[in-house]
file start-v7.csv (CSV, C-alpha atoms and all ligand atoms)
chain,number,residue,atom,x,y,z
M,5,MET,CA,-18.3,-8.5,20.9
M,6,MET,CA,-21.4,-7.3,19.2
M,7,ASP,CA,-19.5,-4.3,17.9
M,8,PHE,CA,-16.7,-6.5,16.7
M,9,CYS,CA,-19.1,-8.6,14.7
M,10,GLU,CA,-20.7,-5.5,13.2
M,11,ASN,CA,-17.3,-4.2,12.2
M,12,ILE,CA,-16.4,-7.5,10.5
M,13,LEU,CA,-19.7,-7.2,8.6
M,14,ASP,CA,-18.5,-3.8,7.6
M,15,CYS,CA,-15.4,-5.4,6.1
M,16,ARG,CA,-17.8,-7.7,4.3
M,17,GLU,CA,-19.3,-4.6,2.7
M,18,ALA,CA,-15.8,-3.8,1.4
M,19,ASP,CA,-16.3,-6.6,-1.1
M,20,ILE,CA,-13.5,-8.9,-0.3
M,21,SER,CA,-13.4,-12.6,-1.1
M,22,ASP,CA,-14.0,-15.3,1.6
M,23,SER,CA,-10.4,-16.2,2.0
M,24,GLU,CA,-9.4,-12.6,2.4
M,25,TYR,CA,-12.3,-12.0,4.8
M,26,PHE,CA,-11.0,-14.8,7.1
M,27,ILE,CA,-7.5,-13.4,6.9
M,28,HIS,CA,-8.9,-10.1,7.9
M,29,MET,CA,-10.7,-11.7,10.8
M,30,HIS,CA,-7.5,-13.4,11.9
M,31,PHE,CA,-5.6,-10.1,11.7
M,32,LEU,CA,-8.4,-8.2,13.5
M,33,PHE,CA,-8.5,-10.8,16.2
M,34,THR,CA,-5.2,-9.6,17.6
M,35,MET,CA,-6.3,-6.1,17.5
M,36,VAL,CA,-9.5,-6.9,19.2
M,37,GLU,CA,-7.7,-8.7,22.0
M,38,LEU,CA,-5.6,-5.6,22.5
M,39,LYS,CA,-8.6,-3.3,22.4
M,40,ARG,CA,-11.1,-5.4,24.3
M,41,GLN,CA,-10.3,-4.1,27.7
M,42,LYS,CA,-10.7,-0.5,26.6
M,43,GLY,CA,-14.0,-1.0,24.9
M,44,CYS,CA,-15.2,-1.9,21.5
M,45,VAL,CA,-13.2,-1.7,18.3
M,46,GLU,CA,-14.1,1.4,16.5
M,47,ARG,CA,-15.8,1.1,13.2
M,48,THR,CA,-13.6,3.7,11.6
M,49,MET,CA,-10.5,1.9,12.6
M,50,VAL,CA,-11.6,-1.3,11.0
M,51,LYS,CA,-12.5,0.5,7.8
M,52,LYS,CA,-9.1,2.2,7.8
M,53,ILE,CA,-7.4,-1.2,8.1
M,54,VAL,CA,-9.3,-2.5,5.1
M,55,GLN,CA,-8.5,0.6,3.1
M,56,CYS,CA,-4.9,1.2,4.1
M,57,GLY,CA,-3.5,-1.5,1.9
M,58,ILE,CA,-3.7,-4.6,4.0
M,59,LEU,CA,-6.3,-5.7,1.5
M,60,SER,CA,-3.8,-5.6,-1.3
M,61,THR,CA,-1.0,-7.1,0.8
M,62,MET,CA,-3.3,-10.0,1.5
M,63,GLN,CA,-3.9,-10.6,-2.1
M,64,LYS,CA,-0.3,-11.5,-2.4
M,65,HIS,CA,-0.6,-14.5,-0.3
M,66,TYR,CA,0.5,-16.8,-3.2
M,67,SER,CA,4.2,-17.6,-3.3
M,68,ILE,CA,6.0,-17.1,-6.6
M,69,ALA,CA,6.3,-20.9,-6.9
M,70,GLN,CA,2.5,-21.3,-6.5
M,71,LEU,CA,1.9,-18.6,-9.1
M,72,GLU,CA,4.2,-20.3,-11.6
M,73,LYS,CA,2.4,-23.6,-11.0
M,74,LYS,CA,-0.9,-21.8,-11.6
M,75,ALA,CA,0.4,-20.2,-14.8
M,76,ASN,CA,1.3,-23.7,-16.0
M,77,GLU,CA,-2.2,-24.9,-15.3
M,78,ILE,CA,-3.6,-21.9,-17.2
M,79,ARG,CA,-1.5,-22.8,-20.2
M,80,GLN,CA,-2.8,-26.4,-20.0
M,81,ASP,CA,-6.4,-25.1,-20.0
M,82,ILE,CA,-5.6,-22.8,-23.0
M,83,ILE,CA,-4.5,-25.9,-25.0
M,84,LYS,CA,-7.6,-27.9,-23.9
M,85,MET,CA,-9.9,-24.9,-24.8
M,86,LEU,CA,-8.3,-24.4,-28.2
M,87,VAL,CA,-8.4,-28.1,-29.2
M,88,LYS,CA,-12.0,-28.4,-28.2
M,89,ALA,CA,-13.0,-25.2,-30.0
M,90,GLY,CA,-11.1,-26.2,-33.2
M,91,SER,CA,-10.1,-22.6,-33.9
M,92,GLY,CA,-8.4,-19.7,-32.2
M,93,HIS,CA,-5.1,-18.3,-31.3
M,94,SER,CA,-2.3,-20.3,-29.6
M,95,ALA,CA,0.9,-18.3,-29.4
M,96,GLY,CA,-0.3,-15.0,-27.8
M,97,PRO,CA,-2.3,-16.6,-25.0
M,98,LEU,CA,0.5,-19.1,-24.0
M,99,GLY,CA,3.0,-16.2,-24.0
M,100,MET,CA,0.8,-14.1,-21.7
M,101,ALA,CA,-0.1,-16.7,-19.1
M,102,ASP,CA,2.4,-15.6,-16.5
M,103,ILE,CA,1.3,-12.0,-16.8
M,104,PHE,CA,-2.4,-12.8,-16.5
M,105,CYS,CA,-1.7,-15.1,-13.6
M,106,ALA,CA,0.2,-12.4,-11.8
M,107,LEU,CA,-2.6,-9.8,-12.6
M,108,TYR,CA,-5.5,-12.0,-11.4
M,109,PHE,CA,-3.7,-13.5,-8.4
M,110,SER,CA,-1.6,-10.7,-7.1
M,111,VAL,CA,-1.8,-7.3,-8.8
M,112,LEU,CA,-5.5,-6.6,-9.4
M,113,ASN,CA,-7.8,-5.3,-6.6
M,114,HIS,CA,-10.9,-7.2,-7.6
M,115,ASN,CA,-13.5,-9.6,-6.4
M,116,PRO,CA,-14.5,-12.5,-8.6
M,117,LYS,CA,-17.7,-13.0,-6.6
M,118,LYS,CA,-18.7,-9.3,-7.3
M,119,PRO,CA,-17.2,-8.8,-10.8
M,120,LEU,CA,-18.8,-5.3,-11.1
M,121,TRP,CA,-17.7,-4.1,-7.7
M,122,GLU,CA,-17.3,-0.3,-8.3
M,123,GLU,CA,-13.9,0.0,-6.7
M,124,ARG,CA,-12.3,-2.8,-8.8
M,125,ASP,CA,-9.2,-2.2,-10.8
M,126,ARG,CA,-10.1,-2.2,-14.5
M,127,LEU,CA,-8.3,-4.6,-16.8
M,128,ILE,CA,-8.7,-3.8,-20.5
M,129,LEU,CA,-7.7,-6.5,-23.0
M,130,SER,CA,-6.9,-4.5,-26.2
M,131,ASN,CA,-5.5,-7.5,-28.2
M,132,GLY,CA,-8.8,-9.4,-27.8
M,133,HIS,CA,-7.7,-12.4,-29.8
M,134,ILE,CA,-5.6,-13.6,-26.9
M,135,CYS,CA,-8.7,-13.9,-24.7
M,136,PRO,CA,-8.3,-17.6,-23.9
M,137,VAL,CA,-5.6,-16.6,-21.4
M,138,ARG,CA,-7.9,-14.1,-19.8
M,139,TYR,CA,-10.8,-16.6,-19.6
M,140,ALA,CA,-8.6,-19.3,-18.1
M,141,ALA,CA,-7.1,-16.9,-15.5
M,142,MET,CA,-10.6,-15.6,-14.7
M,143,ALA,CA,-11.9,-19.2,-14.2
M,144,HIS,CA,-9.0,-20.1,-12.0
M,145,ALA,CA,-9.6,-16.9,-10.0
M,146,GLY,CA,-13.2,-18.0,-9.4
M,147,TYR,CA,-15.2,-15.8,-11.8
M,148,PHE,CA,-16.9,-18.9,-13.3
M,149,PRO,CA,-16.4,-22.7,-13.2
M,150,ARG,CA,-13.4,-24.1,-15.1
M,151,LYS,CA,-15.5,-26.5,-17.0
M,152,GLU,CA,-17.1,-23.5,-18.8
M,153,LEU,CA,-13.8,-22.9,-20.5
M,154,LEU,CA,-14.6,-25.8,-22.8
M,155,THR,CA,-17.4,-23.7,-24.3
M,156,LEU,CA,-14.9,-21.3,-26.0
M,157,ARG,CA,-16.1,-20.1,-29.4
M,158,LYS,CA,-19.3,-22.1,-29.2
M,159,PHE,CA,-22.7,-20.6,-30.2
M,160,GLY,CA,-24.3,-19.0,-27.2
M,161,SER,CA,-21.2,-19.2,-25.0
M,162,ARG,CA,-20.1,-16.4,-22.8
M,163,LEU,CA,-16.6,-17.1,-24.0
M,164,GLN,CA,-16.5,-15.8,-27.5
M,165,GLY,CA,-13.4,-15.9,-29.7
M,166,HIS,CA,-13.0,-12.2,-29.1
M,167,PRO,CA,-14.3,-10.8,-25.8
M,168,GLU,CA,-17.8,-9.5,-25.6
M,169,ARG,CA,-18.3,-7.2,-22.6
M,170,THR,CA,-22.1,-7.8,-22.3
M,171,ARG,CA,-21.7,-11.6,-22.0
M,172,LEU,CA,-19.3,-11.8,-19.2
M,173,PRO,CA,-19.1,-9.2,-16.4
M,174,ALA,CA,-15.6,-7.6,-15.8
M,175,LEU,CA,-14.4,-8.0,-19.3
M,176,GLU,CA,-14.8,-4.2,-19.2
M,177,THR,CA,-14.7,-3.8,-23.0
M,178,THR,CA,-15.6,-5.7,-26.2
M,179,SER,CA,-12.3,-6.1,-28.1
M,180,GLY,CA,-10.9,-7.6,-31.3
M,181,PRO,CA,-10.3,-4.6,-33.5
M,182,LEU,CA,-6.7,-3.8,-32.6
M,183,GLY,CA,-5.5,-0.4,-31.5
M,184,SER,CA,-8.7,0.7,-29.6
M,185,GLY,CA,-8.0,-0.6,-26.1
M,186,LEU,CA,-5.5,2.1,-25.0
M,187,SER,CA,-8.0,4.8,-25.8
M,188,GLN,CA,-10.7,3.1,-23.8
M,189,ALA,CA,-8.3,2.5,-20.9
M,190,ALA,CA,-7.1,6.1,-21.0
M,191,GLY,CA,-10.7,7.3,-21.0
M,192,MET,CA,-11.5,5.2,-17.9
M,193,ALA,CA,-8.3,6.3,-16.2
M,194,TYR,CA,-9.2,10.0,-16.9
M,195,VAL,CA,-12.7,9.5,-15.3
M,196,GLY,CA,-11.2,7.6,-12.4
M,197,LYS,CA,-8.5,10.1,-11.6
M,198,VAL,CA,-9.7,13.5,-12.8
M,199,ILE,CA,-13.5,13.3,-12.6
M,200,ASP,CA,-14.5,10.8,-10.0
M,201,LYS,CA,-11.2,11.0,-8.0
M,202,LYS,CA,-11.2,7.3,-7.3
M,203,LYS,CA,-8.4,5.0,-6.2
M,204,TRP,CA,-9.0,2.2,-8.7
M,205,ARG,CA,-6.3,1.7,-11.3
M,206,VAL,CA,-6.6,0.8,-15.0
M,207,TYR,CA,-4.4,-1.8,-16.6
M,208,CYS,CA,-4.4,-2.2,-20.4
M,209,ALA,CA,-2.9,-5.3,-22.0
M,210,MET,CA,-1.8,-4.7,-25.6
M,211,SER,CA,0.2,-6.6,-28.3
M,212,ASP,CA,3.2,-5.4,-30.1
M,213,GLY,CA,1.6,-5.8,-33.5
M,214,GLU,CA,-1.1,-3.4,-32.6
M,215,GLN,CA,1.5,-0.7,-31.8
M,216,GLU,CA,1.4,-0.2,-35.6
M,217,THR,CA,-2.0,1.4,-35.4
M,218,GLY,CA,-2.3,5.2,-35.2
M,219,GLN,CA,-5.0,5.2,-32.5
M,220,ILE,CA,-2.5,3.8,-30.0
M,221,TRP,CA,-0.4,6.9,-30.3
M,222,GLU,CA,-3.3,9.3,-30.0
M,223,ALA,CA,-4.2,7.5,-26.7
M,224,ALA,CA,-0.5,7.7,-25.6
M,225,LEU,CA,-0.5,11.4,-26.2
M,226,PHE,CA,-3.7,11.9,-24.2
M,227,ALA,CA,-2.5,9.8,-21.3
M,228,GLY,CA,0.8,11.6,-21.2
M,229,LYS,CA,-0.8,15.0,-21.4
M,230,ASN,CA,-3.2,14.2,-18.6
M,231,LYS,CA,-0.5,12.6,-16.4
M,232,LEU,CA,-2.7,9.5,-15.9
M,233,ASN,CA,-0.5,7.8,-13.3
M,234,ASN,CA,-3.4,5.5,-12.5
M,235,LEU,CA,-2.9,3.9,-16.0
M,236,VAL,CA,-0.6,1.0,-16.7
M,237,GLY,CA,-0.1,-0.3,-20.2
M,238,ILE,CA,1.4,-3.7,-20.6
M,239,ILE,CA,2.8,-4.7,-24.1
M,240,ASP,CA,3.2,-8.3,-25.0
M,241,ARG,CA,6.6,-7.8,-26.8
M,242,ASN,CA,6.6,-11.2,-28.4
M,243,ASN,CA,8.1,-9.9,-31.7
M,244,ILE,CA,5.5,-11.7,-33.9
M,245,GLN,CA,2.3,-10.6,-35.6
M,246,ILE,CA,-0.1,-12.4,-37.9
M,247,ASP,CA,2.3,-13.4,-40.6
M,248,GLY,CA,5.8,-12.5,-39.6
M,249,PHE,CA,8.1,-10.7,-37.2
M,250,THR,CA,7.2,-7.2,-36.2
M,251,GLU,CA,10.7,-5.9,-37.0
M,252,ASP,CA,10.4,-7.1,-40.6
M,253,ILE,CA,6.8,-5.9,-41.1
M,254,MET,CA,6.8,-2.6,-39.4
M,255,PRO,CA,9.8,-2.0,-37.0
M,256,LEU,CA,8.7,-0.6,-33.6
M,257,GLU,CA,12.1,0.0,-32.1
M,258,PRO,CA,13.1,2.0,-30.2
M,259,LEU,CA,9.8,1.3,-28.5
M,260,LYS,CA,10.9,2.4,-25.0
M,261,GLU,CA,12.1,5.8,-26.2
M,262,LYS,CA,8.9,6.3,-28.2
M,263,TYR,CA,6.7,6.0,-25.2
M,264,GLU,CA,9.1,8.1,-23.1
M,265,ALA,CA,8.9,10.8,-25.7
M,266,PHE,CA,5.1,10.7,-25.1
M,267,ASN,CA,5.7,11.4,-21.4
M,268,TRP,CA,5.3,7.8,-20.1
M,269,HIS,CA,7.4,6.1,-17.5
M,270,VAL,CA,8.7,2.9,-19.1
M,271,LEU,CA,9.8,-0.3,-17.5
M,272,GLU,CA,11.2,-3.3,-19.4
M,273,ILE,CA,10.8,-6.8,-17.9
M,274,ASP,CA,11.0,-10.5,-18.6
M,275,GLY,CA,7.3,-11.3,-19.1
M,276,HIS,CA,7.8,-14.8,-17.8
M,277,ASN,CA,9.3,-13.7,-14.5
M,278,ILE,CA,6.3,-13.4,-12.2
M,279,GLU,CA,8.3,-11.6,-9.5
M,280,GLN,CA,9.3,-8.9,-12.1
M,281,ILE,CA,5.7,-8.6,-13.3
M,282,ILE,CA,4.4,-8.0,-9.8
M,283,ASP,CA,7.3,-5.6,-8.9
M,284,ALA,CA,6.8,-3.6,-12.1
M,285,CYS,CA,3.1,-3.1,-11.3
M,286,GLY,CA,4.0,-2.1,-7.8
M,287,MET,CA,6.6,0.4,-9.0
M,288,ALA,CA,4.0,1.9,-11.3
M,289,LYS,CA,2.0,2.8,-8.2
M,290,ALA,CA,4.9,5.0,-7.0
M,291,ILE,CA,4.9,7.1,-10.2
M,292,GLN,CA,3.1,10.4,-9.6
M,293,GLU,CA,3.0,12.4,-12.8
M,294,LYS,CA,3.0,9.9,-15.7
M,295,PRO,CA,1.3,6.8,-16.9
M,296,THR,CA,3.5,3.7,-16.9
M,297,LEU,CA,4.2,1.3,-19.7
M,298,ILE,CA,5.5,-2.1,-19.0
M,299,ILE,CA,7.3,-3.7,-22.0
M,300,ALA,CA,7.0,-7.4,-21.2
M,301,ASN,CA,9.4,-9.5,-23.3
M,302,THR,CA,7.7,-12.8,-23.9
M,303,ILE,CA,8.1,-15.9,-26.0
M,304,PRO,CA,5.1,-16.6,-28.2
M,305,GLY,CA,3.8,-20.1,-27.6
M,306,LYS,CA,5.8,-20.3,-24.3
M,307,GLY,CA,6.0,-23.7,-22.8
M,308,VAL,CA,5.1,-25.7,-25.9
M,309,SER,CA,8.3,-26.6,-27.7
M,310,PHE,CA,7.0,-26.8,-31.3
M,311,MET,CA,5.1,-23.5,-30.9
M,312,GLU,CA,7.7,-21.2,-29.3
M,313,ASN,CA,8.8,-18.2,-31.4
M,314,LYS,CA,6.8,-19.3,-34.5
M,315,PHE,CA,4.5,-16.7,-35.9
M,316,GLU,CA,2.7,-19.6,-37.7
M,317,TRP,CA,1.0,-20.3,-34.3
M,318,HIS,CA,-0.4,-16.8,-34.1
M,319,GLY,CA,-3.9,-17.8,-35.2
M,320,LYS,CA,-4.4,-21.6,-35.2
M,321,PRO,CA,-5.3,-24.2,-32.6
M,322,PRO,CA,-3.4,-27.5,-32.1
M,323,THR,CA,-4.8,-30.7,-33.6
M,324,SER,CA,-5.7,-33.4,-31.1
M,325,GLU,CA,-2.3,-35.0,-31.6
M,326,GLU,CA,-0.5,-31.7,-31.2
M,327,ALA,CA,-2.5,-30.9,-28.1
M,328,LYS,CA,-1.3,-34.2,-26.5
M,329,LYS,CA,2.2,-33.3,-27.2
M,330,ALA,CA,1.6,-29.7,-26.0
M,331,LEU,CA,0.1,-30.9,-22.7
M,332,HIS,CA,3.0,-33.4,-22.3
M,333,ASP,CA,5.4,-30.5,-22.8
M,334,LEU,CA,3.6,-28.4,-20.2
M,335,ARG,CA,3.2,-31.1,-17.6
M,336,THR,CA,6.8,-32.1,-17.8
M,337,LEU,CA,8.2,-28.6,-18.3
M,338,GLY,CA,9.7,-29.5,-21.6
M,339,GLY,CA,10.9,-32.9,-20.5
M,340,ARG,CA,12.7,-31.5,-17.4
M,341,ILE,CA,10.5,-33.4,-15.0
M,342,VAL,CA,9.1,-36.9,-15.5
M,343,SER,CA,5.4,-37.0,-15.2
M,344,GLU,CA,3.8,-39.8,-13.2
M,345,HIS,CA,0.9,-39.7,-15.6
M,346,GLU,CA,2.8,-40.4,-18.8
X,401,LIG,C1,-7.8,-3.2,-36.6
X,401,LIG,C2,-7.4,-4.6,-36.9
X,401,LIG,N1,-6.7,-4.9,-38.0
X,401,LIG,C3,-6.4,-6.2,-38.3
X,401,LIG,C4,-6.8,-7.2,-37.4
X,401,LIG,C5,-6.4,-8.6,-37.7
X,401,LIG,N2,-5.4,-9.1,-36.8
X,401,LIG,C6,-5.7,-9.9,-35.7
X,401,LIG,S1,-4.4,-10.4,-34.8
X,401,LIG,C7,-3.3,-9.5,-35.8
X,401,LIG,C8,-1.8,-9.5,-35.6
X,401,LIG,C9,-1.4,-8.5,-34.6
X,401,LIG,O1,-0.2,-8.8,-34.1
X,401,LIG,P1,-0.1,-9.2,-32.5
X,401,LIG,O2,-1.3,-8.8,-31.9
X,401,LIG,O3,1.2,-8.8,-32.0
X,401,LIG,O4,-0.1,-10.8,-32.7
X,401,LIG,P2,0.3,-11.9,-31.6
X,401,LIG,O5,1.6,-11.5,-31.0
X,401,LIG,O6,-0.8,-12.2,-30.6
X,401,LIG,O7,0.5,-13.2,-32.5
X,401,LIG,C10,-4.0,-8.9,-36.9
X,401,LIG,C11,-3.4,-8.1,-37.9
X,401,LIG,C12,-7.5,-6.8,-36.2
X,401,LIG,N3,-7.9,-7.7,-35.3
X,401,LIG,N4,-7.8,-5.5,-36.0
X,402,MG,MG,2.8,-9.9,-31.2

call {"tool": "encode", "arguments": {"input": "start-v7.csv", "output": "structure tokens"}}
result
Amino acid sequence: MMDFCENILDCREADISDSEYFIHMHFLFTMVELKRQKGCVERTMVKKIVQCGILSTMQKHYSIAQLEKKANEIRQDIIKMLVKAGSGHSAGPLGMADIFCALYFSVLNHNPKKPLWEERDRLILSNGHICPVRYAAMAHAGYFPRKELLTLRKFGSRLQGHPERTRLPALETTSGPLGSGLSQAAGMAYVGKVIDKKKWRVYCAMSDGEQETGQIWEAALFAGKNKLNNLVGIIDRNNIQIDGFTEDIMPLEPLKEKYEAFNWHVLEIDGHNIEQIIDACGMAKAIQEKPTLIIANTIPGKGVSFMENKFEWHGKPPTSEEAKKALHDLRTLGGRIVSEHE
């Protein structure tokens, strides 16, 4: 029994969260029962179980319905943050809520209690202006208390209007200037795969507007050349940018073929379908010789009727009246359910 406890403590060292730890214990219990008569459970065996993927399987213990509910809560928090801040971006964060929810609650191998855990997957937010969605997802995942979300954009807050790496661990990079995130992500992926030979993966969220910057294509060349199959780019294909539709300002299509020509494996998904998001990230793991790009078709302002598909909501917050309406929209799923609280 002593050995068993020590082995569980070993799992503890593997930097898993409390809930995962108890699921591990539950799983291991069966194995221990089987092994007990033959002697102690071998330390190496326990380590293997932790490493061989059960950890990531266990991170998927939320059902799709639970994740959808969580994404809706994240959207409500975004509205509350923006109205309190009195400035900020509405459309992008609301559009990316399903993706960030899927990343933080299913895809990423991470530990909110140890944000700088060395083996963590890296998530780079290149389009820094949509950071309210990342902050809200991080708070829900347990990185910091949800009430801190209301400090968005305040002096001294860890939650600046564009992410500052040194203020909040696990932001990975400081971002805001568009176009630079994919270079940073590709550099990290190169170090992880080629130099350090590590298992962690790198995810890079980008916007469609920033595909207009030249640096993106330099990074795409580099990642393709170096076969960075540990790198996944996710483009928020919401068709809007600061003051218009991307296809009017600087057409990107055919975007899929462009990345394919740069030696990327490209998947196109509905960015509001959580199952598709999780599956696409899973499929990317099976690609051996190429980085993967996920083009996620999203609706800017998703969930708030008067914001959806309107580029005018790229960079402004709701007024308090608009916020009430937005929260009503989200709570009632656009009037489809009658809220008890209305
Ligand atoms: C290098 C650089 N140029 C200009 C800006 C100003 N800017 C901020 S957001 C934005 C629009 C980009 O489009 P997109 O990111 O697709 O907007 P969204 O879909 O989030 O509304 C611009 C031009 C910037 N942040 N960085
Ligand atoms: Mg856009």

call {"tool": "closest_atom_pairs", "arguments": {"input": "start-v7.csv", "of": "chain M", "to": "ligand LIG 401 (chain X)", "cutoff": "8 Å", "atoms": "all atoms listed in the file", "output": "JSON lines"}}
result
{"residue": "M:His93", "atom": "CA", "partner": "X:LIG401", "partner_atom": "O6", "distance": 7.5}
{"residue": "M:Ala95", "atom": "CA", "partner": "X:LIG401", "partner_atom": "O7", "distance": 6.0}
{"residue": "M:Gly96", "atom": "CA", "partner": "X:LIG401", "partner_atom": "O6", "distance": 4.0}
{"residue": "M:Pro97", "atom": "CA", "partner": "X:LIG401", "partner_atom": "O6", "distance": 7.3}
{"residue": "M:Asn131", "atom": "CA", "partner": "X:LIG401", "partner_atom": "O2", "distance": 5.7}
{"residue": "M:Gly132", "atom": "CA", "partner": "X:LIG401", "partner_atom": "N3", "distance": 7.7}
{"residue": "M:His133", "atom": "CA", "partner": "X:LIG401", "partner_atom": "S1", "distance": 6.3}
{"residue": "M:Ile134", "atom": "CA", "partner": "X:LIG401", "partner_atom": "O6", "distance": 6.2}
{"residue": "M:Gly180", "atom": "CA", "partner": "X:LIG401", "partner_atom": "N3", "distance": 5.0}
{"residue": "M:Pro181", "atom": "CA", "partner": "X:LIG401", "partner_atom": "N4", "distance": 3.6}
{"residue": "M:Leu182", "atom": "CA", "partner": "X:LIG401", "partner_atom": "N4", "distance": 4.0}
{"residue": "M:Gly183", "atom": "CA", "partner": "X:LIG401", "partner_atom": "C1", "distance": 6.3}
{"residue": "M:Met210", "atom": "CA", "partner": "X:LIG401", "partner_atom": "O2", "distance": 7.5}
{"residue": "M:Ser211", "atom": "CA", "partner": "X:LIG401", "partner_atom": "O3", "distance": 4.4}
{"residue": "M:Asp212", "atom": "CA", "partner": "X:LIG401", "partner_atom": "O3", "distance": 4.4}
{"residue": "M:Gly213", "atom": "CA", "partner": "X:LIG401", "partner_atom": "O3", "distance": 3.4}
{"residue": "M:Glu214", "atom": "CA", "partner": "X:LIG401", "partner_atom": "O2", "distance": 5.4}
{"residue": "M:Thr217", "atom": "CA", "partner": "X:LIG401", "partner_atom": "C1", "distance": 7.5}
{"residue": "M:Asp240", "atom": "CA", "partner": "X:LIG401", "partner_atom": "O5", "distance": 7.0}
{"residue": "M:Arg241", "atom": "CA", "partner": "X:LIG401", "partner_atom": "O5", "distance": 7.5}
{"residue": "M:Asn242", "atom": "CA", "partner": "X:LIG401", "partner_atom": "O5", "distance": 5.6}
{"residue": "M:Asn243", "atom": "CA", "partner": "X:LIG401", "partner_atom": "O5", "distance": 6.7}
{"residue": "M:Ile244", "atom": "CA", "partner": "X:LIG401", "partner_atom": "O5", "distance": 4.9}
{"residue": "M:Gln245", "atom": "CA", "partner": "X:LIG401", "partner_atom": "O1", "distance": 3.4}
{"residue": "M:Ile246", "atom": "CA", "partner": "X:LIG401", "partner_atom": "C8", "distance": 4.1}
{"residue": "M:Asp247", "atom": "CA", "partner": "X:LIG401", "partner_atom": "C8", "distance": 7.6}
{"residue": "M:Thr250", "atom": "CA", "partner": "X:LIG401", "partner_atom": "O3", "distance": 7.5}
{"residue": "M:Pro304", "atom": "CA", "partner": "X:LIG401", "partner_atom": "O5", "distance": 6.8}
{"residue": "M:Phe315", "atom": "CA", "partner": "X:LIG401", "partner_atom": "O7", "distance": 6.3}
{"residue": "M:Trp317", "atom": "CA", "partner": "X:LIG401", "partner_atom": "O7", "distance": 7.3}
{"residue": "M:His318", "atom": "CA", "partner": "X:LIG401", "partner_atom": "O7", "distance": 4.0}
{"residue": "M:Gly319", "atom": "CA", "partner": "X:LIG401", "partner_atom": "O7", "distance": 6.9}

call {"tool": "residues_around", "arguments": {"input": "start-v7.csv", "residues": "Gly237 in chain M", "least_positions_apart": "6", "cutoff": "9 Å", "atoms": "only C-alpha atoms", "output": "PyMOL selection string"}}
result
chain M and resi 186+189+206-210+295-299

call {"tool": "residues_around", "arguments": {"input": "start-v7.csv", "residues": "Ile281 in chain M", "least_positions_apart": "2", "cutoff": "9 Å", "atoms": "only C-alpha atoms", "output": "list in words"}}
result
Asp102, Ile103, Ala106, Leu107, Val111, Ile273, Asp274, Gly275, His276, Asn277, Ile278, Glu279, Asp283, Ala284, Cys285, Gly286, Ile298 and Ala300 of chain M

call {"tool": "write_last_selection", "arguments": {"input": "start-v7.csv", "atoms": "C-alpha atoms", "output": "compact mmCIF listing (two decimals), in the coordinates of the input"}}
result
# COMPACT_ATOMS: atom_id res chain seq x y z
CA ASP M 102 2.40 -15.60 -16.50
CA ILE M 103 1.30 -12.00 -16.80
CA ALA M 106 0.20 -12.40 -11.80
CA LEU M 107 -2.60 -9.80 -12.60
CA VAL M 111 -1.80 -7.30 -8.80
CA ILE M 273 10.80 -6.80 -17.90
CA ASP M 274 11.00 -10.50 -18.60
CA GLY M 275 7.30 -11.30 -19.10
CA HIS M 276 7.80 -14.80 -17.80
CA ASN M 277 9.30 -13.70 -14.50
CA ILE M 278 6.30 -13.40 -12.20
CA GLU M 279 8.30 -11.60 -9.50
CA ASP M 283 7.30 -5.60 -8.90
CA ALA M 284 6.80 -3.60 -12.10
CA CYS M 285 3.10 -3.10 -11.30
CA GLY M 286 4.00 -2.10 -7.80
CA ILE M 298 5.50 -2.10 -19.00
CA ALA M 300 7.00 -7.40 -21.20

call {"tool": "residues_around", "arguments": {"input": "start-v7.csv", "residues": "range 159-161 of chain M", "least_positions_apart": "5", "cutoff": "10 Å", "atoms": "all atoms listed in the file", "output": "PyMOL selection string"}}
result
chain M and resi 152-154+171-172

call {"tool": "closest_residue", "arguments": {"input": "start-v7.csv", "among": "M:Thr336, M:Gln188, M:Asn301, M:Asn115", "to": "ligand MG 402 (chain X)", "atoms": "all atoms listed in the file"}}
result
M:Asn301

call {"tool": "closest_residue", "arguments": {"input": "start-v7.csv", "among": "M:Thr302, M:Asn233, M:Gln280, M:Thr323", "to": "ligand MG 402 (chain X)", "atoms": "only C-alpha atoms and all ligand atoms"}}
result
M:Thr302

call {"tool": "atom_distance", "arguments": {"input": "start-v7.csv", "atom1": "CA of Tyr108 in chain M", "atom2": "CA of Glu293 in chain M"}}
result
25.9 Å

call {"tool": "closest_residue", "arguments": {"input": "start-v7.csv", "among": "M:Leu331, M:Ile239, M:Leu127, M:Ile78", "to": "ligand MG 402 (chain X)", "atoms": "only C-alpha atoms and all ligand atoms"}}
result
M:Ile239

call {"tool": "atom_distance", "arguments": {"input": "start-v7.csv", "atom1": "CA of Ala140 in chain M", "atom2": "CA of Leu175 in chain M"}}
result
12.8 Å

call {"tool": "atom_distance", "arguments": {"input": "start-v7.csv", "atom1": "CA of Gly90 in chain M", "atom2": "CA of Arg157 in chain M"}}
result
8.8 Å

call {"tool": "residues_around", "arguments": {"input": "start-v7.csv", "residues": "range 257-267 of chain M", "least_positions_apart": "2", "cutoff": "6 Å", "atoms": "only C-alpha atoms", "output": "list in words"}}
result
Leu225, Gly228 and Pro255 of chain M

call {"tool": "residues_around", "arguments": {"input": "start-v7.csv", "residues": "Thr155 in chain M", "least_positions_apart": "6", "cutoff": "9 Å", "atoms": "all atoms listed in the file", "output": "list in words"}}
result
Met85, Lys88, Ala89, Ser161, Arg162, Leu163 and Gln164 of chain M

call {"tool": "residues_near_point", "arguments": {"input": "start-v7.csv", "point": "(-13.3, -4.7, -19.3)", "cutoff": "7 Å", "atoms": "only C-alpha atoms", "output": "number ranges by chain"}}
result
M: 126-129, 169, 174-177

call {"tool": "closest_residue", "arguments": {"input": "start-v7.csv", "among": "M:Leu120, M:Leu112, M:Ile220, M:Met100", "to": "ligand MG 402 (chain X)", "atoms": "only C-alpha atoms and all ligand atoms"}}
result
M:Met100
